file model_3.cif (mmCIF, N, CA and C atoms)
data_structure
#
loop_
_atom_site.label_atom_id
_atom_site.label_comp_id
_atom_site.auth_asym_id
_atom_site.auth_seq_id
_atom_site.Cartn_x
_atom_site.Cartn_y
_atom_site.Cartn_z
N GLY A 1 -2.10 -4.11 4.46
CA GLY A 1 -1.17 -3.36 3.66
C GLY A 1 -0.41 -2.36 4.49
N LYS A 2 0.71 -1.93 3.97
CA LYS A 2 1.53 -0.92 4.63
C LYS A 2 1.55 0.33 3.77
N ARG A 3 1.70 1.47 4.42
CA ARG A 3 1.77 2.74 3.71
C ARG A 3 3.18 2.90 3.13
N HIS A 4 3.25 3.34 1.88
CA HIS A 4 4.53 3.51 1.22
C HIS A 4 4.88 4.99 1.14
N ARG A 5 6.16 5.29 1.26
CA ARG A 5 6.65 6.67 1.25
C ARG A 5 6.57 7.31 -0.15
N HIS A 6 6.59 6.50 -1.18
CA HIS A 6 6.65 6.99 -2.56
C HIS A 6 5.49 6.43 -3.37
N GLU A 7 5.24 7.03 -4.53
CA GLU A 7 4.27 6.45 -5.45
C GLU A 7 4.72 5.01 -5.74
N THR A 8 3.76 4.10 -5.81
CA THR A 8 4.09 2.68 -5.91
C THR A 8 3.42 2.06 -7.13
N CYS A 9 4.19 1.26 -7.84
CA CYS A 9 3.66 0.48 -8.95
C CYS A 9 3.07 -0.82 -8.38
N ASN A 10 1.82 -1.10 -8.71
CA ASN A 10 1.13 -2.29 -8.23
C ASN A 10 0.78 -3.17 -9.42
N MET A 11 0.91 -4.47 -9.25
CA MET A 11 0.56 -5.40 -10.33
C MET A 11 -0.38 -6.47 -9.78
N LEU A 12 -1.57 -6.52 -10.35
CA LEU A 12 -2.48 -7.64 -10.10
C LEU A 12 -2.27 -8.57 -11.29
N LEU A 13 -1.47 -9.60 -11.06
CA LEU A 13 -1.09 -10.48 -12.16
C LEU A 13 -2.21 -11.42 -12.56
N SER A 14 -2.98 -11.87 -11.58
CA SER A 14 -4.12 -12.74 -11.90
C SER A 14 -5.13 -12.67 -10.76
N GLY A 15 -6.36 -12.99 -11.08
CA GLY A 15 -7.42 -13.02 -10.08
C GLY A 15 -8.29 -11.78 -10.12
N GLU A 16 -9.20 -11.74 -9.14
CA GLU A 16 -10.17 -10.64 -9.05
C GLU A 16 -10.31 -10.23 -7.59
N MET A 17 -10.35 -8.91 -7.37
CA MET A 17 -10.49 -8.38 -6.01
C MET A 17 -11.27 -7.08 -6.03
N SER A 18 -11.79 -6.73 -4.87
CA SER A 18 -12.34 -5.40 -4.65
C SER A 18 -11.27 -4.66 -3.86
N LEU A 19 -10.84 -3.51 -4.37
CA LEU A 19 -9.73 -2.76 -3.79
C LEU A 19 -10.21 -1.42 -3.27
N TYR A 20 -9.88 -1.14 -2.01
CA TYR A 20 -10.21 0.14 -1.38
C TYR A 20 -8.91 0.90 -1.16
N VAL A 21 -8.87 2.17 -1.60
CA VAL A 21 -7.67 2.99 -1.43
C VAL A 21 -7.93 4.25 -0.61
N GLY A 22 -9.12 4.38 -0.03
CA GLY A 22 -9.42 5.53 0.82
C GLY A 22 -9.80 6.76 0.02
N GLY A 23 -9.69 7.90 0.67
CA GLY A 23 -9.99 9.17 0.02
C GLY A 23 -11.46 9.37 -0.31
N GLY A 24 -12.34 8.65 0.38
CA GLY A 24 -13.77 8.81 0.13
C GLY A 24 -14.27 8.09 -1.10
N ARG A 25 -13.38 7.35 -1.77
CA ARG A 25 -13.79 6.60 -2.96
C ARG A 25 -14.29 5.22 -2.56
N PRO A 26 -15.31 4.71 -3.22
CA PRO A 26 -15.78 3.35 -2.90
C PRO A 26 -14.77 2.31 -3.40
N PRO A 27 -14.82 1.10 -2.85
CA PRO A 27 -13.95 0.04 -3.37
C PRO A 27 -14.22 -0.17 -4.86
N GLU A 28 -13.17 -0.54 -5.58
CA GLU A 28 -13.28 -0.77 -7.01
C GLU A 28 -12.99 -2.25 -7.29
N ARG A 29 -13.84 -2.87 -8.08
CA ARG A 29 -13.65 -4.27 -8.45
C ARG A 29 -12.69 -4.32 -9.63
N ILE A 30 -11.56 -5.03 -9.46
CA ILE A 30 -10.54 -5.10 -10.51
C ILE A 30 -10.18 -6.56 -10.79
N SER A 31 -9.69 -6.79 -12.01
CA SER A 31 -9.28 -8.13 -12.44
C SER A 31 -7.91 -8.04 -13.09
N GLY A 32 -7.11 -9.09 -12.90
CA GLY A 32 -5.79 -9.14 -13.52
C GLY A 32 -5.83 -9.82 -14.86
N PRO A 33 -4.87 -9.52 -15.72
CA PRO A 33 -3.69 -8.72 -15.39
C PRO A 33 -3.98 -7.22 -15.45
N LEU A 34 -3.42 -6.48 -14.48
CA LEU A 34 -3.63 -5.04 -14.38
C LEU A 34 -2.43 -4.42 -13.68
N ILE A 35 -1.94 -3.31 -14.20
CA ILE A 35 -0.86 -2.55 -13.57
C ILE A 35 -1.39 -1.16 -13.29
N PHE A 36 -1.17 -0.67 -12.05
CA PHE A 36 -1.62 0.67 -11.68
C PHE A 36 -0.69 1.23 -10.61
N THR A 37 -0.76 2.55 -10.39
CA THR A 37 0.05 3.18 -9.35
C THR A 37 -0.83 3.63 -8.20
N SER A 38 -0.22 3.72 -7.02
CA SER A 38 -0.92 4.28 -5.87
C SER A 38 -0.06 5.41 -5.31
N LYS A 39 -0.72 6.42 -4.75
CA LYS A 39 -0.04 7.61 -4.26
C LYS A 39 0.69 7.32 -2.94
N PRO A 40 1.68 8.14 -2.59
CA PRO A 40 2.37 7.98 -1.32
C PRO A 40 1.39 8.08 -0.14
N GLY A 41 1.60 7.27 0.89
CA GLY A 41 0.80 7.33 2.10
C GLY A 41 -0.51 6.56 2.05
N VAL A 42 -0.87 6.02 0.88
CA VAL A 42 -2.13 5.29 0.74
C VAL A 42 -2.01 3.93 1.41
N LYS A 43 -3.05 3.56 2.14
CA LYS A 43 -3.12 2.22 2.73
C LYS A 43 -4.24 1.48 2.01
N LYS A 44 -3.86 0.52 1.20
CA LYS A 44 -4.82 -0.24 0.41
C LYS A 44 -5.39 -1.38 1.24
N MET A 45 -6.65 -1.72 0.95
CA MET A 45 -7.29 -2.87 1.58
C MET A 45 -8.04 -3.59 0.47
N ALA A 46 -7.91 -4.92 0.45
CA ALA A 46 -8.53 -5.68 -0.64
C ALA A 46 -9.34 -6.85 -0.10
N TYR A 47 -10.44 -7.11 -0.79
CA TYR A 47 -11.21 -8.33 -0.59
C TYR A 47 -10.99 -9.17 -1.84
N CYS A 48 -10.32 -10.30 -1.68
CA CYS A 48 -10.01 -11.15 -2.83
C CYS A 48 -11.20 -12.04 -3.14
N ARG A 49 -11.72 -11.88 -4.33
CA ARG A 49 -12.89 -12.64 -4.77
C ARG A 49 -12.49 -13.99 -5.35
N THR A 50 -11.23 -14.12 -5.76
CA THR A 50 -10.65 -15.37 -6.25
C THR A 50 -9.24 -15.44 -5.69
N ASP A 51 -8.53 -16.53 -5.97
CA ASP A 51 -7.10 -16.55 -5.67
C ASP A 51 -6.45 -15.46 -6.52
N VAL A 52 -5.52 -14.70 -5.92
CA VAL A 52 -4.86 -13.63 -6.66
C VAL A 52 -3.35 -13.73 -6.52
N ILE A 53 -2.68 -13.16 -7.49
CA ILE A 53 -1.24 -12.91 -7.40
C ILE A 53 -1.08 -11.41 -7.55
N PHE A 54 -0.59 -10.76 -6.48
CA PHE A 54 -0.49 -9.29 -6.41
C PHE A 54 0.91 -8.93 -5.95
N SER A 55 1.46 -7.88 -6.53
CA SER A 55 2.81 -7.48 -6.17
C SER A 55 2.95 -5.96 -6.24
N ASN A 56 3.82 -5.42 -5.36
CA ASN A 56 4.23 -4.02 -5.41
C ASN A 56 5.66 -3.98 -5.96
N ILE A 57 5.98 -2.92 -6.69
CA ILE A 57 7.33 -2.74 -7.24
C ILE A 57 7.97 -1.53 -6.57
N HIS A 58 9.14 -1.74 -5.97
CA HIS A 58 9.91 -0.66 -5.36
C HIS A 58 11.32 -0.71 -5.95
N PRO A 59 11.67 0.22 -6.84
CA PRO A 59 12.99 0.17 -7.48
C PRO A 59 14.11 0.52 -6.50
N THR A 60 15.06 -0.38 -6.34
CA THR A 60 16.20 -0.15 -5.46
C THR A 60 17.33 -1.10 -5.82
N GLN A 61 18.53 -0.69 -5.51
CA GLN A 61 19.70 -1.58 -5.65
C GLN A 61 20.01 -2.24 -4.31
N GLU A 62 19.33 -1.79 -3.26
CA GLU A 62 19.56 -2.30 -1.90
C GLU A 62 19.12 -3.77 -1.80
N THR A 63 19.83 -4.55 -1.01
CA THR A 63 19.47 -5.96 -0.81
C THR A 63 19.11 -6.28 0.63
N ASP A 64 19.39 -5.36 1.56
CA ASP A 64 19.07 -5.60 2.97
C ASP A 64 17.61 -5.24 3.23
N LEU A 65 16.82 -6.22 3.64
CA LEU A 65 15.37 -6.02 3.81
C LEU A 65 15.05 -4.91 4.80
N GLU A 66 15.76 -4.85 5.91
CA GLU A 66 15.50 -3.81 6.91
C GLU A 66 15.73 -2.41 6.33
N THR A 67 16.78 -2.25 5.57
CA THR A 67 17.08 -0.96 4.94
C THR A 67 16.02 -0.62 3.89
N ILE A 68 15.59 -1.61 3.12
CA ILE A 68 14.55 -1.39 2.11
C ILE A 68 13.25 -0.95 2.77
N GLU A 69 12.86 -1.62 3.85
CA GLU A 69 11.62 -1.25 4.55
C GLU A 69 11.69 0.16 5.11
N LYS A 70 12.84 0.58 5.67
CA LYS A 70 12.98 1.94 6.18
C LYS A 70 12.85 2.97 5.06
N GLU A 71 13.35 2.62 3.88
CA GLU A 71 13.30 3.54 2.74
C GLU A 71 11.90 3.67 2.15
N PHE A 72 11.12 2.59 2.13
CA PHE A 72 9.86 2.58 1.40
C PHE A 72 8.60 2.53 2.25
N ILE A 73 8.68 2.07 3.48
CA ILE A 73 7.47 1.88 4.30
C ILE A 73 7.39 2.91 5.41
N ILE A 74 6.20 3.49 5.59
CA ILE A 74 5.94 4.42 6.68
C ILE A 74 5.38 3.62 7.86
N PRO A 75 6.10 3.54 8.98
CA PRO A 75 5.55 2.84 10.15
C PRO A 75 4.26 3.52 10.61
N GLU A 76 3.29 2.74 11.07
CA GLU A 76 1.98 3.30 11.47
C GLU A 76 2.12 4.39 12.53
N GLU A 77 2.98 4.19 13.51
CA GLU A 77 3.16 5.20 14.57
C GLU A 77 3.64 6.52 13.97
N GLU A 78 4.58 6.46 13.05
CA GLU A 78 5.09 7.67 12.38
C GLU A 78 3.98 8.36 11.59
N TYR A 79 3.18 7.59 10.88
CA TYR A 79 2.08 8.15 10.10
C TYR A 79 1.07 8.84 11.01
N ARG A 80 0.68 8.19 12.10
CA ARG A 80 -0.30 8.79 13.02
C ARG A 80 0.21 10.09 13.60
N LEU A 81 1.46 10.14 13.99
CA LEU A 81 2.01 11.35 14.59
C LEU A 81 2.08 12.48 13.56
N GLU A 82 2.40 12.17 12.31
CA GLU A 82 2.50 13.19 11.27
C GLU A 82 1.14 13.71 10.83
N HIS A 83 0.11 12.86 10.85
CA HIS A 83 -1.17 13.22 10.28
C HIS A 83 -2.30 13.45 11.28
N LYS A 84 -2.11 13.11 12.52
CA LYS A 84 -3.18 13.24 13.51
C LYS A 84 -2.72 14.00 14.76
N GLY A 85 -1.55 14.60 14.73
CA GLY A 85 -1.03 15.19 15.94
C GLY A 85 -0.69 14.07 16.91
N ASP A 86 -0.81 14.31 18.21
CA ASP A 86 -0.53 13.23 19.13
C ASP A 86 -1.79 12.53 19.61
N GLN A 87 -2.89 12.71 18.92
CA GLN A 87 -4.12 11.98 19.24
C GLN A 87 -4.15 10.68 18.44
N LEU A 88 -4.42 9.59 19.11
CA LEU A 88 -4.53 8.31 18.45
C LEU A 88 -5.97 8.02 18.12
N CYS A 89 -6.21 7.45 16.96
CA CYS A 89 -7.56 7.06 16.58
C CYS A 89 -7.91 5.77 17.32
N LEU A 90 -8.98 5.79 18.07
CA LEU A 90 -9.38 4.63 18.86
C LEU A 90 -10.56 3.90 18.26
N GLY A 91 -10.95 4.21 17.08
CA GLY A 91 -12.08 3.51 16.50
C GLY A 91 -12.42 3.95 15.17
#

call {"tool": "encode", "arguments": {"input": "model_3.cif", "output": "structure tokens"}}
result
Amino acid sequence: GKRHRHETCNMLLSGEMSLYVGGGRPPERISGPLIFTSKPGVKKMAYCRTDVIFSNIHPTQETDLETIEKEFIIPEEEYRLEHKGDQLCLG
């Protein structure tokens, strides 16, 4: 997953997964259909227990993918520099 700059609407349309969103919370087992939001900067990780259909919603009128990604996605290098100083996590 990629970190998003804004709160994000997530849709688990079908299937079952264990979803980890960080913050010291344990993974949560979820089943679709389900709609939920995630906070800015969250990096989600999922273990799919079945085949799933999952989607994020980012409202925009933009059609250029590169422009959309710059608007909504935080590059990992940018996130590390903003949140860890100039020390990189090596493990």

call {"tool": "residues_around", "arguments": {"input": "model_3.cif", "residues": "region 67-72 of chain A", "least_positions_apart": "3", "cutoff": "6 Å", "atoms": "only N, CA and C atoms", "output": "ChimeraX atom specification"}}
result
/A:3-6,64

call {"tool": "resolve_selection", "arguments": {"input": "model_3.cif", "expression": "the PyMOL selection byres (((chain A and resi 40-42 and name CA) around 12) and name CA)", "output": "PyMOL selection string"}}
result
chain A and resi 1-9+19-23+37-39+43-45+72-76+78-80+82-83

call {"tool": "resolve_selection", "arguments": {"input": "model_3.cif", "expression": "the PyMOL selection byres ((chain A and resi 31-34) around 8)", "output": "list in words"}}
result
Asn10, Met11, Leu12, Leu13, Ser14, Gly15, Glu16, Met17, Ser18, Glu28, Arg29, Ile30, Ile35, Phe36, Thr37 and Ile53 of chain A

call {"tool": "select_by_dssp", "arguments": {"input": "model_3.cif", "residues": "chain A", "states": "strand (DSSP E or B)", "output": "PyMOL selection string"}}
result
chain A and resi 3-4+8-14+16-20+28-31+34-38+45-48+53-57+73-74

call {"tool": "atom_distance", "arguments": {"input": "model_3.cif", "atom1": "atom C of Thr50 (chain A)", "atom2": "CA of Pro27 (chain A)"}}
result
16.3 Å

call {"tool": "decode", "arguments": {"input": "model_3.cif", "residues": "region 20-31 of chain A", "atoms": "N, CA, C and O atoms", "output": "compact mmCIF listing (two decimals), in the first residue's frame"}}
result
# COMPACT_ATOMS: atom_id res chain seq x y z
N TYR A 20 -4.19 -4.48 8.68
CA TYR A 20 -3.37 -3.80 9.68
C TYR A 20 -3.22 -2.35 9.25
O TYR A 20 -2.86 -2.07 8.10
N VAL A 21 -3.50 -1.41 10.16
CA VAL A 21 -3.38 0.01 9.85
C VAL A 21 -2.38 0.73 10.75
O VAL A 21 -2.28 1.95 10.71
N GLY A 22 -1.64 0.00 11.58
CA GLY A 22 -0.62 0.61 12.42
C GLY A 22 -1.20 1.22 13.68
O GLY A 22 -2.30 0.88 14.13
N GLY A 23 -0.44 2.11 14.27
CA GLY A 23 -0.87 2.81 15.47
C GLY A 23 -0.99 1.93 16.70
O GLY A 23 -1.73 2.25 17.62
N GLY A 24 -0.29 0.81 16.70
CA GLY A 24 -0.33 -0.07 17.86
C GLY A 24 -1.57 -0.94 17.94
O GLY A 24 -1.77 -1.67 18.91
N ARG A 25 -2.44 -0.85 16.93
CA ARG A 25 -3.65 -1.66 16.92
C ARG A 25 -3.36 -3.00 16.25
O ARG A 25 -2.64 -3.05 15.26
N PRO A 26 -3.95 -4.09 16.73
CA PRO A 26 -3.75 -5.39 16.08
C PRO A 26 -4.50 -5.42 14.74
O PRO A 26 -5.43 -4.64 14.53
N PRO A 27 -4.11 -6.33 13.85
CA PRO A 27 -4.86 -6.48 12.60
C PRO A 27 -6.32 -6.82 12.91
O PRO A 27 -6.62 -7.47 13.90
N GLU A 28 -7.21 -6.34 12.05
CA GLU A 28 -8.64 -6.58 12.22
C GLU A 28 -9.13 -7.44 11.06
O GLU A 28 -8.83 -7.16 9.90
N ARG A 29 -9.88 -8.48 11.36
CA ARG A 29 -10.44 -9.34 10.33
C ARG A 29 -11.74 -8.71 9.84
O ARG A 29 -12.65 -8.44 10.63
N ILE A 30 -11.80 -8.42 8.52
CA ILE A 30 -12.97 -7.76 7.95
C ILE A 30 -13.48 -8.56 6.74
O ILE A 30 -12.72 -9.29 6.11
N SER A 31 -14.77 -8.38 6.46
CA SER A 31 -15.41 -9.05 5.33
C SER A 31 -16.22 -8.03 4.54
O SER A 31 -16.79 -7.09 5.11
